[in-house]
$ cat data30.txt   # compact mmCIF, C-alpha atoms and all ligand atoms
# COMPACT_ATOMS: atom_id res chain seq x y z
CA MET A 1 -16.74 -12.99 24.01
CA ALA A 2 -15.79 -16.41 22.68
CA SER A 3 -19.28 -16.88 21.23
CA LEU A 4 -19.17 -13.44 19.62
CA GLY A 5 -15.86 -14.43 18.01
CA LEU A 6 -17.45 -17.64 16.73
CA VAL A 7 -20.42 -15.76 15.29
CA LEU A 8 -18.07 -13.35 13.49
CA LEU A 9 -15.98 -16.21 12.15
CA VAL A 10 -19.06 -18.00 10.84
CA ALA A 11 -20.29 -14.75 9.27
CA VAL A 12 -16.97 -14.24 7.48
CA VAL A 13 -16.82 -17.84 6.21
CA VAL A 14 -20.44 -17.78 5.04
CA SER A 15 -20.13 -14.42 3.27
CA ALA A 16 -16.90 -15.53 1.54
CA ALA A 17 -18.66 -18.67 0.35
CA LEU A 18 -21.54 -16.60 -1.04
CA MET A 19 -19.27 -14.27 -3.02
CA PRO A 20 -18.76 -15.00 -6.72
CA PRO A 21 -15.34 -16.61 -7.27
CA SER A 22 -13.97 -13.52 -9.02
CA ALA A 23 -14.63 -11.40 -5.93
CA VAL A 24 -12.60 -13.67 -3.65
CA ALA A 25 -9.05 -12.40 -3.94
CA GLN A 26 -6.37 -15.01 -4.33
CA GLN A 27 -4.29 -15.10 -1.16
CA LEU A 28 -0.72 -14.64 -2.30
CA THR A 29 2.19 -15.83 -0.20
CA PRO A 30 5.96 -16.09 -0.78
CA ASP A 31 6.04 -19.77 0.24
CA TYR A 32 3.21 -20.88 -2.05
CA TYR A 33 5.44 -23.41 -3.87
CA ALA A 34 7.53 -24.41 -0.82
CA SER A 35 6.47 -28.05 -1.03
CA THR A 36 5.65 -28.40 -4.76
CA CYS A 37 8.71 -26.63 -6.20
CA PRO A 38 11.17 -25.83 -3.42
CA ASN A 39 13.97 -24.66 -5.75
CA LEU A 40 11.75 -22.36 -7.80
CA GLU A 41 13.53 -19.13 -6.96
CA ALA A 42 17.01 -20.54 -7.67
CA ILE A 43 15.83 -22.01 -10.99
CA VAL A 44 14.33 -18.70 -12.12
CA ARG A 45 17.37 -16.71 -10.98
CA ARG A 46 19.75 -18.91 -12.98
CA SER A 47 17.59 -18.62 -16.04
CA VAL A 48 17.36 -14.82 -15.80
CA GLN A 49 21.12 -14.62 -15.29
CA GLN A 50 21.52 -16.52 -18.57
CA SER A 51 19.00 -14.31 -20.38
CA MET A 52 20.78 -11.19 -19.11
CA ALA A 53 24.15 -12.57 -20.23
CA GLN A 54 22.69 -13.05 -23.71
CA SER A 55 21.09 -9.61 -23.97
CA GLN A 56 21.19 -6.31 -22.08
CA ILE A 57 17.59 -5.75 -23.10
CA ALA A 58 16.29 -8.86 -21.30
CA ALA A 59 15.97 -7.34 -17.80
CA PRO A 60 14.40 -3.98 -18.79
CA ALA A 61 12.07 -5.64 -21.28
CA ALA A 62 10.88 -8.27 -18.78
CA LEU A 63 10.22 -5.65 -16.09
CA ARG A 64 8.17 -3.60 -18.53
CA LEU A 65 6.28 -6.71 -19.61
CA PHE A 66 5.20 -7.30 -16.01
CA PHE A 67 3.64 -3.82 -15.88
CA HIS A 68 1.88 -4.28 -19.22
CA ASP A 69 0.50 -7.59 -17.98
CA CYS A 70 -0.66 -6.47 -14.53
CA ALA A 71 -2.23 -3.19 -15.70
CA VAL A 72 -4.54 -5.03 -18.11
CA MET A 73 -6.83 -7.78 -16.71
CA GLY A 74 -4.51 -8.20 -13.72
CA CYS A 75 -1.25 -10.15 -13.31
CA ASP A 76 -2.43 -13.24 -15.15
CA ALA A 77 0.13 -13.58 -17.96
CA SER A 78 -2.57 -12.61 -20.47
CA ILE A 79 0.08 -10.48 -22.24
CA MET A 80 1.87 -13.73 -23.17
CA ILE A 81 -1.11 -15.28 -24.99
CA VAL A 82 -0.92 -15.63 -28.76
CA ASN A 83 -4.42 -16.23 -30.16
CA SER A 84 -4.68 -17.84 -33.58
CA ASN A 85 -7.33 -15.30 -34.66
CA GLY A 86 -4.90 -12.43 -33.96
CA ASP A 87 -7.09 -10.91 -31.23
CA ASP A 88 -4.83 -10.62 -28.21
CA GLU A 89 -3.22 -8.00 -25.95
CA TRP A 90 0.25 -8.02 -27.41
CA ARG A 91 -1.06 -7.12 -30.86
CA ASN A 92 -2.57 -3.88 -29.55
CA THR A 93 -0.45 -0.94 -30.80
CA ALA A 94 0.32 0.02 -27.16
CA ASN A 95 2.20 -3.28 -26.87
CA GLN A 96 3.99 -3.29 -30.20
CA SER A 97 7.15 -1.77 -28.70
CA LEU A 98 7.51 -4.56 -26.11
CA LYS A 99 10.82 -6.19 -26.91
CA PRO A 100 11.03 -9.91 -27.85
CA GLU A 101 13.86 -10.34 -25.31
CA GLY A 102 11.34 -9.77 -22.48
CA PHE A 103 8.97 -12.48 -23.74
CA GLN A 104 11.94 -14.79 -24.31
CA ALA A 105 13.16 -14.33 -20.73
CA ILE A 106 9.76 -15.53 -19.46
CA LEU A 107 9.62 -18.51 -21.84
CA SER A 108 13.17 -19.54 -20.90
CA ALA A 109 12.40 -19.35 -17.16
CA LYS A 110 9.21 -21.38 -17.67
CA ALA A 111 11.19 -24.01 -19.65
CA ALA A 112 13.78 -24.17 -16.87
CA VAL A 113 11.08 -24.62 -14.20
CA ASP A 114 9.26 -27.30 -16.19
CA SER A 115 12.47 -29.21 -16.89
CA ASN A 116 12.61 -29.89 -13.15
CA GLN A 117 10.64 -33.10 -12.48
CA GLN A 118 9.18 -31.92 -9.20
CA CYS A 119 8.07 -28.53 -10.54
CA GLN A 120 6.79 -29.58 -13.94
CA TYR A 121 3.48 -27.85 -14.87
CA LYS A 122 2.92 -26.70 -11.30
CA VAL A 123 4.04 -23.06 -11.50
CA SER A 124 1.88 -20.46 -13.23
CA CYS A 125 3.26 -18.21 -15.97
CA ALA A 126 1.90 -15.27 -13.98
CA ASP A 127 4.07 -16.20 -10.99
CA ILE A 128 7.09 -16.75 -13.24
CA MET A 129 6.57 -13.23 -14.63
CA ALA A 130 6.56 -11.79 -11.10
CA LEU A 131 9.74 -13.71 -10.21
CA VAL A 132 11.51 -12.72 -13.43
CA ALA A 133 10.61 -9.07 -12.79
CA ARG A 134 12.16 -9.29 -9.30
CA GLU A 135 15.33 -10.85 -10.72
CA ALA A 136 15.47 -8.12 -13.38
CA VAL A 137 15.50 -5.55 -10.57
CA PHE A 138 17.77 -7.42 -8.16
CA LEU A 139 20.34 -8.68 -10.68
CA SER A 140 20.60 -5.12 -12.05
CA GLY A 141 21.71 -3.85 -8.62
CA GLY A 142 18.28 -2.98 -7.26
CA PRO A 143 16.63 -4.13 -4.05
CA TYR A 144 15.94 -7.77 -3.23
CA TYR A 145 12.38 -8.38 -2.08
CA GLN A 146 10.14 -11.35 -1.41
CA VAL A 147 7.73 -12.10 -4.23
CA GLU A 148 4.19 -13.04 -3.29
CA LEU A 149 3.07 -16.12 -5.24
CA GLY A 150 -0.05 -18.14 -5.97
CA ARG A 151 -1.55 -16.34 -8.98
CA PHE A 152 -3.25 -18.47 -11.63
CA ASP A 153 -3.03 -17.79 -15.35
CA GLY A 154 -5.91 -16.14 -17.19
CA ARG A 155 -7.53 -17.78 -20.18
CA VAL A 156 -8.50 -14.59 -21.99
CA SER A 157 -6.51 -12.01 -23.93
CA THR A 158 -8.12 -9.49 -26.27
CA ARG A 159 -6.78 -6.53 -28.21
CA ASP A 160 -9.50 -4.15 -27.05
CA SER A 161 -8.96 -4.76 -23.34
CA VAL A 162 -5.66 -2.88 -23.43
CA ARG A 163 -5.71 0.53 -21.70
CA LEU A 164 -2.26 1.94 -20.98
CA PRO A 165 -1.03 5.49 -20.34
CA SER A 166 0.29 7.60 -23.23
CA VAL A 167 3.67 9.30 -23.05
CA ASN A 168 2.08 12.77 -23.16
CA PHE A 169 -0.28 12.28 -20.21
CA THR A 170 -0.49 15.16 -17.72
CA LEU A 171 -0.04 14.50 -14.00
CA ASP A 172 -3.82 14.53 -13.59
CA GLN A 173 -4.22 11.91 -16.32
CA LEU A 174 -1.45 9.82 -14.77
CA ASN A 175 -3.07 10.06 -11.35
CA ALA A 176 -6.43 9.06 -12.81
CA PHE A 177 -4.94 6.00 -14.50
CA PHE A 178 -2.83 4.83 -11.56
CA SER A 179 -5.46 5.53 -8.91
CA GLY A 180 -7.70 3.23 -10.96
CA LEU A 181 -5.12 0.51 -10.23
CA GLY A 182 -5.04 1.45 -6.54
CA PHE A 183 -1.89 3.58 -6.45
CA SER A 184 -1.43 6.91 -4.70
CA GLN A 185 0.54 9.65 -6.47
CA ASN A 186 3.60 8.87 -4.34
CA GLU A 187 3.39 5.16 -5.09
CA MET A 188 3.14 6.01 -8.78
CA VAL A 189 6.27 8.18 -8.65
CA ALA A 190 8.11 5.29 -6.98
CA LEU A 191 6.84 2.72 -9.51
CA LEU A 192 7.86 4.88 -12.47
CA GLY A 193 11.41 4.67 -11.13
CA ALA A 194 11.43 1.43 -13.16
CA HIS A 195 12.51 3.78 -15.95
CA THR A 196 15.97 3.64 -14.41
CA LEU A 197 16.41 0.58 -16.64
CA GLY A 198 16.39 0.54 -20.41
CA ALA A 199 15.64 2.84 -23.27
CA ALA A 200 12.96 4.43 -25.44
CA ASP A 201 12.67 4.66 -29.20
CA CYS A 202 12.62 8.08 -30.90
CA PRO A 203 8.88 8.11 -31.74
CA PHE A 204 8.10 8.25 -27.99
CA PHE A 205 10.01 11.47 -27.27
CA GLN A 206 10.92 13.09 -30.57
CA TYR A 207 7.88 15.42 -30.42
CA ARG A 208 9.18 17.08 -27.25
CA ILE A 209 12.76 17.75 -28.33
CA GLY A 210 13.23 21.46 -27.62
CA ASP A 211 10.39 21.52 -25.06
CA PRO A 212 11.18 24.20 -22.44
CA SER A 213 11.30 21.52 -19.72
CA MET A 214 14.10 19.73 -21.60
CA ASP A 215 17.77 20.44 -20.94
CA PRO A 216 19.10 22.11 -24.16
CA SER A 217 22.18 19.89 -24.30
CA LEU A 218 19.97 16.78 -24.14
CA ALA A 219 17.81 18.31 -26.86
CA SER A 220 20.74 18.74 -29.23
CA GLN A 221 21.99 15.25 -28.46
CA LEU A 222 18.55 13.75 -29.17
CA ARG A 223 18.23 15.77 -32.39
CA GLY A 224 21.37 13.98 -33.54
CA THR A 225 20.13 10.56 -32.41
CA CYS A 226 16.70 10.78 -33.98
CA GLY A 227 17.49 13.06 -36.95
CA SER A 228 19.89 10.58 -38.47
CA ASN A 229 17.76 7.54 -37.71
CA PRO A 230 14.15 8.51 -36.84
CA SER A 231 12.65 5.02 -36.85
CA GLY A 232 15.59 3.00 -35.54
CA GLY A 233 17.02 5.58 -33.10
CA PHE A 234 16.69 5.23 -29.37
CA ALA A 235 18.05 6.80 -26.18
CA PHE A 236 18.64 5.48 -22.68
CA PHE A 237 16.40 6.77 -19.88
CA ASP A 238 19.39 7.66 -17.71
CA PRO A 239 23.20 7.42 -17.90
CA SER A 240 23.21 3.98 -16.17
CA PRO A 241 20.61 2.02 -18.19
CA VAL A 242 21.61 -1.44 -16.94
CA ARG A 243 21.83 -0.39 -13.28
CA PHE A 244 18.74 -0.20 -11.13
CA ASP A 245 19.49 2.98 -9.17
CA ASN A 246 18.01 6.42 -8.47
CA ALA A 247 19.81 8.17 -11.36
CA PHE A 248 16.43 8.38 -13.14
CA TYR A 249 15.19 10.93 -10.57
CA ARG A 250 18.39 13.01 -10.68
CA ASN A 251 17.99 13.04 -14.44
CA LEU A 252 14.51 14.55 -14.06
CA GLN A 253 15.90 17.29 -11.79
CA GLY A 254 18.24 18.25 -14.63
CA GLY A 255 15.48 18.32 -17.26
CA ARG A 256 16.94 15.19 -18.80
CA GLY A 257 13.82 13.02 -18.71
CA LEU A 258 13.04 11.34 -22.00
CA LEU A 259 9.29 10.77 -21.82
CA GLY A 260 6.78 13.54 -21.18
CA THR A 261 5.21 11.40 -18.43
CA ASP A 262 8.58 11.10 -16.69
CA GLN A 263 9.54 14.78 -16.88
CA VAL A 264 6.09 15.93 -15.74
CA LEU A 265 6.74 14.26 -12.38
CA TYR A 266 9.33 17.00 -11.80
CA SER A 267 7.69 19.84 -13.75
CA ASP A 268 4.47 19.57 -11.78
CA GLN A 269 4.88 21.01 -8.28
CA ARG A 270 2.60 18.38 -6.79
CA SER A 271 4.96 15.48 -7.44
CA ARG A 272 8.30 17.33 -7.42
CA SER A 273 9.02 16.73 -3.74
CA ALA A 274 8.72 12.95 -4.23
CA VAL A 275 11.20 13.14 -7.13
CA ASP A 276 13.58 15.26 -5.01
CA SER A 277 13.37 12.83 -2.14
CA TYR A 278 14.14 9.76 -4.28
CA ALA A 279 16.92 11.67 -6.10
CA SER A 280 18.69 12.33 -2.82
CA ASN A 281 17.88 9.06 -1.05
CA GLN A 282 18.26 5.82 -2.97
CA GLY A 283 17.28 3.79 0.10
CA ALA A 284 13.93 5.59 0.29
CA PHE A 285 13.38 4.91 -3.42
CA PHE A 286 14.17 1.22 -3.01
CA THR A 287 11.82 0.86 -0.03
CA ASP A 288 8.94 2.59 -1.82
CA PHE A 289 9.62 0.82 -5.12
CA VAL A 290 9.41 -2.58 -3.42
CA ALA A 291 6.08 -1.64 -1.82
CA ALA A 292 4.76 -0.34 -5.14
CA ILE A 293 5.79 -3.30 -7.29
CA THR A 294 4.44 -5.71 -4.66
CA LYS A 295 1.13 -3.86 -4.90
CA LEU A 296 1.31 -4.04 -8.71
CA GLY A 297 1.74 -7.80 -8.40
CA ARG A 298 -1.51 -8.14 -6.45
CA ILE A 299 -3.73 -6.63 -9.13
CA GLY A 300 -6.45 -9.00 -10.28
CA ALA A 301 -4.69 -12.14 -9.04
CA LYS A 302 -6.68 -15.11 -10.34
CA THR A 303 -7.61 -18.22 -8.33
CA ALA A 304 -7.94 -21.90 -9.22
CA ALA A 305 -11.61 -21.11 -9.87
CA THR A 306 -10.91 -18.24 -12.29
CA GLY A 307 -7.65 -19.38 -13.88
CA GLU A 308 -5.34 -22.29 -14.63
CA ILE A 309 -1.68 -23.29 -14.61
CA ARG A 310 -0.79 -22.88 -18.26
CA ARG A 311 1.45 -25.53 -19.76
CA VAL A 312 2.79 -23.23 -22.45
CA CYS A 313 2.81 -19.54 -21.59
CA ASN A 314 1.76 -18.50 -25.10
CA PHE A 315 -1.43 -20.58 -25.17
CA PRO A 316 -4.30 -21.30 -22.76
CA ASN A 317 -4.50 -25.04 -22.00
C1 LIG B 1 3.06 6.45 -17.17
C2 LIG B 1 3.27 5.19 -17.31
C3 LIG B 1 4.25 4.64 -18.31
C4 LIG B 1 4.48 5.04 -19.59
C5 LIG B 1 3.77 6.13 -20.39
C6 LIG B 1 5.56 4.22 -20.08
C7 LIG B 1 6.06 4.29 -21.36
C8 LIG B 1 7.19 3.64 -21.78
C9 LIG B 1 7.78 3.78 -23.08
C10 LIG B 1 7.23 4.63 -24.21
C11 LIG B 1 8.90 3.03 -23.12
C12 LIG B 1 9.87 2.87 -24.28
C13 LIG B 1 9.47 1.70 -25.13
C14 LIG B 1 10.33 1.54 -26.34
O1 LIG B 1 10.71 2.50 -26.99
O2 LIG B 1 10.64 0.39 -26.67
C15 LIG B 1 9.01 2.40 -21.83
C16 LIG B 1 10.02 1.55 -21.47
C17 LIG B 1 10.10 0.92 -20.26
N1 LIG B 1 9.14 0.93 -19.28
FE1 LIG B 1 7.59 2.16 -19.16
N2 LIG B 1 5.96 3.37 -19.10
C18 LIG B 1 5.19 3.59 -18.00
C19 LIG B 1 5.23 2.90 -16.80
C20 LIG B 1 6.08 1.88 -16.52
C21 LIG B 1 6.04 1.05 -15.35
C22 LIG B 1 5.01 1.21 -14.22
C23 LIG B 1 7.05 0.16 -15.45
C24 LIG B 1 7.44 -0.96 -14.51
C25 LIG B 1 7.10 -1.06 -13.27
C26 LIG B 1 7.76 0.45 -16.68
C27 LIG B 1 8.90 -0.17 -17.10
C28 LIG B 1 9.59 0.14 -18.26
C29 LIG B 1 10.90 -0.37 -18.57
C30 LIG B 1 11.78 -1.22 -17.67
C31 LIG B 1 11.22 0.12 -19.84
C32 LIG B 1 12.49 -0.16 -20.66
C33 LIG B 1 12.19 -1.25 -21.65
C34 LIG B 1 13.34 -1.57 -22.58
O3 LIG B 1 14.38 -0.94 -22.51
O4 LIG B 1 13.14 -2.48 -23.40
N3 LIG B 1 7.13 1.47 -17.31
N4 LIG B 1 7.96 2.77 -21.03
$ encode --input "data30.txt" --output "structure tokens"
Amino acid sequence: MASLGLVLLVAVVVSAALMPPSAVAQQLTPDYYASTCPNLEAIVRRSVQQSMAQSQIAAPAALRLFFHDCAVMGCDASIMIVNSNGDDEWRNTANQSLKPEGFQAILSAKAAVDSNQQCQYKVSCADIMALVAREAVFLSGGPYYQVELGRFDGRVSTRDSVRLPSVNFTLDQLNAFFSGLGFSQNEMVALLGAHTLGAADCPFFQYRIGDPSMDPSLASQLRGTCGSNPSGGFAFFDPSPVRFDNAFYRNLQGGRGLLGTDQVLYSDQRSRSAVDSYASNQGAFFTDFVAAITKLGRIGAKTAATGEIRRVCNFPN
């Protein structure tokens, strides 16, 4: 038996060595920086606390940024790159509504980490994004969870690589997109609970004001919001936009979802039971959200062979 074990071990080691670097997944672990930057989590938390004190948009915007990064080319901070030729992810129209406060929260946390002698230039922007996203959730009253670390930063960001869901996707289109990232329908419903934080601008929901799935009193309220100020108007996703809670799902039960992709989770029978369960059980939502965002954080994690530790998050080294 011992020799069989040895043969298997050798086979695994040899086949891993033969794989191209991109196929060898980066092993992520919460204690990745335990010896190189032991105070990392405290440094990032303090920085996010300061960002949140400066702006209520910081936490929602940083959480959204993490999704927009991970869903395109993996969680490699490619969304942060500013290319001098103008060809980069954030200049794709799908990213034009990302709020500057989210980018600023990442840059501030990176500056705080690098101002610590021991940590300087050792922590990737991709890992800082994952940590800032966790703080955005936790400091807003959501669950605390361990963040897996050890991602390297990508060197590439292009406008045409961006594929993100549209606000009018059907459940089938949503399932197709999220299953491509490795999520089940239930995991997707849990992940979209991120829309418990923040707001959306009128252009994203104005077209469905008066839709039969929309509560008429919300419709008249939104007509007022967007009618008087169509380009600058916005509405909060739920009545507690700075609290990470399960109010988002209760909102959907009342036809008070803002985005078509949010409300369809309740309108479509196939996902309604997941919405009902999270609406009545915040603990179940928190547990499933943590599993889903941890899974999001594993997408396309780069290694030392495929990435780098960026000195400045906006530019490859
Ligand atoms: C079907 C998939 C999704 C669609 C269509 C979608 C769409 C949107 C839209 C249109 C906005 C409003 C943007 C604005 O007006 O500035 C928004 C905001 C937001 N999204 Fe999503 N989103 C999706 C998935 C996600 C996921 C998976 C997360 C995080 C895990 C997320 C987190 C957020 C947050 C926190 C905000 C609030 C941002 C703020 O207030 O600045 N979204 N989303």
$ atom_distance --input "data30.txt" --atom1 "atom CA of Gly255 of chain A" --atom2 "atom CA of Ser217 of chain A"
9.8 Å
$ residues_near_ligand --input "data30.txt" --ligand "ligand LIG 1 (chain B)" --cutoff "6 Å" --atoms "all atoms listed in the file" --output "PyMOL selection string"
chain A and resi 57+60-61+63-64+67+97-99+165-167+191-192+194-195+197-201+204+261
$ closest_residue --input "data30.txt" --among "A:Thr303, A:Gln206, A:Ser78, A:Ser240" --to "Ser161 of chain A" --atoms "all atoms listed in the file"
A:Ser78
$ residues_around --input "data30.txt" --residues "Arg270 of chain A" --least-positions-apart "5" --cutoff "10 Å" --atoms "all atoms listed in the file" --output "PyMOL selection string"
chain A and resi 171+185-186+264-265
$ residues_around --input "data30.txt" --residues "Tyr32 of chain A" --least-positions-apart "5" --cutoff "10 Å" --atoms "all atoms listed in the file" --output "PyMOL selection string"
chain A and resi 27+37-38+123+148-151
$ closest_residue --input "data30.txt" --among "A:Gln54, A:Gln146, A:Asn95, A:Ser124" --to "Glu308 of chain A" --atoms "all atoms listed in the file"
A:Ser124
$ closest_residue --input "data30.txt" --among "A:Thr196, A:Thr36, A:Ser47, A:Ser108" --to "Phe236 of chain A" --atoms "all atoms listed in the file"
A:Thr196
$ build_atoms --input "data30.txt" --residues "segment 77-101 of chain A" --atoms "N, CA and C atoms" --output "PDB file, keeping the file's coordinate frame"
ATOM      1  N   ALA A  77      -0.639 -13.169 -16.774  1.00  0.00           N
ATOM      2  CA  ALA A  77       0.130 -13.580 -17.960  1.00  0.00           C
ATOM      3  C   ALA A  77      -0.694 -13.524 -19.237  1.00  0.00           C
ATOM      4  N   SER A  78      -1.763 -12.727 -19.244  1.00  0.00           N
ATOM      5  CA  SER A  78      -2.570 -12.610 -20.470  1.00  0.00           C
ATOM      6  C   SER A  78      -1.769 -11.934 -21.593  1.00  0.00           C
ATOM      7  N   ILE A  79      -0.755 -11.134 -21.225  1.00  0.00           N
ATOM      8  CA  ILE A  79       0.080 -10.480 -22.240  1.00  0.00           C
ATOM      9  C   ILE A  79       0.869 -11.512 -23.055  1.00  0.00           C
ATOM     10  N   MET A  80       1.062 -12.705 -22.489  1.00  0.00           N
ATOM     11  CA  MET A  80       1.870 -13.730 -23.170  1.00  0.00           C
ATOM     12  C   MET A  80       1.068 -14.509 -24.216  1.00  0.00           C
ATOM     13  N   ILE A  81      -0.265 -14.430 -24.137  1.00  0.00           N
ATOM     14  CA  ILE A  81      -1.110 -15.280 -24.990  1.00  0.00           C
ATOM     15  C   ILE A  81      -1.064 -14.862 -26.461  1.00  0.00           C
ATOM     16  N   VAL A  82      -0.890 -15.841 -27.313  1.00  0.00           N
ATOM     17  CA  VAL A  82      -0.920 -15.630 -28.760  1.00  0.00           C
ATOM     18  C   VAL A  82      -2.162 -16.349 -29.290  1.00  0.00           C
ATOM     19  N   ASN A  83      -3.192 -15.602 -29.650  1.00  0.00           N
ATOM     20  CA  ASN A  83      -4.420 -16.230 -30.160  1.00  0.00           C
ATOM     21  C   ASN A  83      -4.341 -16.407 -31.665  1.00  0.00           C
ATOM     22  N   SER A  84      -4.834 -17.553 -32.142  1.00  0.00           N
ATOM     23  CA  SER A  84      -4.680 -17.840 -33.580  1.00  0.00           C
ATOM     24  C   SER A  84      -5.495 -16.864 -34.433  1.00  0.00           C
ATOM     25  N   ASN A  85      -6.542 -16.253 -33.873  1.00  0.00           N
ATOM     26  CA  ASN A  85      -7.330 -15.300 -34.660  1.00  0.00           C
ATOM     27  C   ASN A  85      -6.732 -13.883 -34.628  1.00  0.00           C
ATOM     28  N   GLY A  86      -5.585 -13.731 -33.968  1.00  0.00           N
ATOM     29  CA  GLY A  86      -4.900 -12.430 -33.960  1.00  0.00           C
ATOM     30  C   GLY A  86      -5.467 -11.423 -32.976  1.00  0.00           C
ATOM     31  N   ASP A  87      -6.471 -11.829 -32.201  1.00  0.00           N
ATOM     32  CA  ASP A  87      -7.090 -10.910 -31.230  1.00  0.00           C
ATOM     33  C   ASP A  87      -6.501 -11.170 -29.847  1.00  0.00           C
ATOM     34  N   ASP A  88      -5.452 -10.444 -29.519  1.00  0.00           N
ATOM     35  CA  ASP A  88      -4.830 -10.620 -28.210  1.00  0.00           C
ATOM     36  C   ASP A  88      -4.124  -9.327 -27.790  1.00  0.00           C
ATOM     37  N   GLU A  89      -3.777  -9.241 -26.506  1.00  0.00           N
ATOM     38  CA  GLU A  89      -3.220  -8.000 -25.950  1.00  0.00           C
ATOM     39  C   GLU A  89      -1.949  -7.538 -26.651  1.00  0.00           C
ATOM     40  N   TRP A  90      -1.046  -8.487 -26.917  1.00  0.00           N
ATOM     41  CA  TRP A  90       0.250  -8.020 -27.410  1.00  0.00           C
ATOM     42  C   TRP A  90       0.174  -7.444 -28.805  1.00  0.00           C
ATOM     43  N   ARG A  91      -0.932  -7.714 -29.531  1.00  0.00           N
ATOM     44  CA  ARG A  91      -1.060  -7.120 -30.860  1.00  0.00           C
ATOM     45  C   ARG A  91      -1.726  -5.757 -30.846  1.00  0.00           C
ATOM     46  N   ASN A  92      -2.096  -5.263 -29.655  1.00  0.00           N
ATOM     47  CA  ASN A  92      -2.570  -3.880 -29.550  1.00  0.00           C
ATOM     48  C   ASN A  92      -1.363  -2.960 -29.788  1.00  0.00           C
ATOM     49  N   THR A  93      -1.584  -1.831 -30.467  1.00  0.00           N
ATOM     50  CA  THR A  93      -0.450  -0.940 -30.800  1.00  0.00           C
ATOM     51  C   THR A  93       0.326  -0.520 -29.549  1.00  0.00           C
ATOM     52  N   ALA A  94      -0.367  -0.396 -28.397  1.00  0.00           N
ATOM     53  CA  ALA A  94       0.320   0.020 -27.160  1.00  0.00           C
ATOM     54  C   ALA A  94       1.351  -1.017 -26.724  1.00  0.00           C
ATOM     55  N   ASN A  95       1.264  -2.229 -27.272  1.00  0.00           N
ATOM     56  CA  ASN A  95       2.200  -3.280 -26.870  1.00  0.00           C
ATOM     57  C   ASN A  95       3.211  -3.631 -27.969  1.00  0.00           C
ATOM     58  N   GLN A  96       3.119  -2.922 -29.080  1.00  0.00           N
ATOM     59  CA  GLN A  96       3.990  -3.290 -30.200  1.00  0.00           C
ATOM     60  C   GLN A  96       5.461  -2.971 -29.935  1.00  0.00           C
ATOM     61  N   SER A  97       5.738  -2.086 -28.975  1.00  0.00           N
ATOM     62  CA  SER A  97       7.150  -1.770 -28.700  1.00  0.00           C
ATOM     63  C   SER A  97       7.734  -2.668 -27.598  1.00  0.00           C
ATOM     64  N   LEU A  98       6.944  -3.601 -27.080  1.00  0.00           N
ATOM     65  CA  LEU A  98       7.510  -4.560 -26.110  1.00  0.00           C
ATOM     66  C   LEU A  98       8.565  -5.382 -26.845  1.00  0.00           C
ATOM     67  N   LYS A  99       9.705  -5.548 -26.219  1.00  0.00           N
ATOM     68  CA  LYS A  99      10.820  -6.190 -26.910  1.00  0.00           C
ATOM     69  C   LYS A  99      10.761  -7.718 -26.776  1.00  0.00           C
ATOM     70  N   PRO A 100      11.069  -8.443 -27.874  1.00  0.00           N
ATOM     71  CA  PRO A 100      11.030  -9.910 -27.850  1.00  0.00           C
ATOM     72  C   PRO A 100      11.887 -10.506 -26.725  1.00  0.00           C
ATOM     73  N   GLU A 101      12.962  -9.816 -26.352  1.00  0.00           N
ATOM     74  CA  GLU A 101      13.860 -10.340 -25.310  1.00  0.00           C
ATOM     75  C   GLU A 101      13.129 -10.499 -23.978  1.00  0.00           C
TER      76      GLU A 101
END
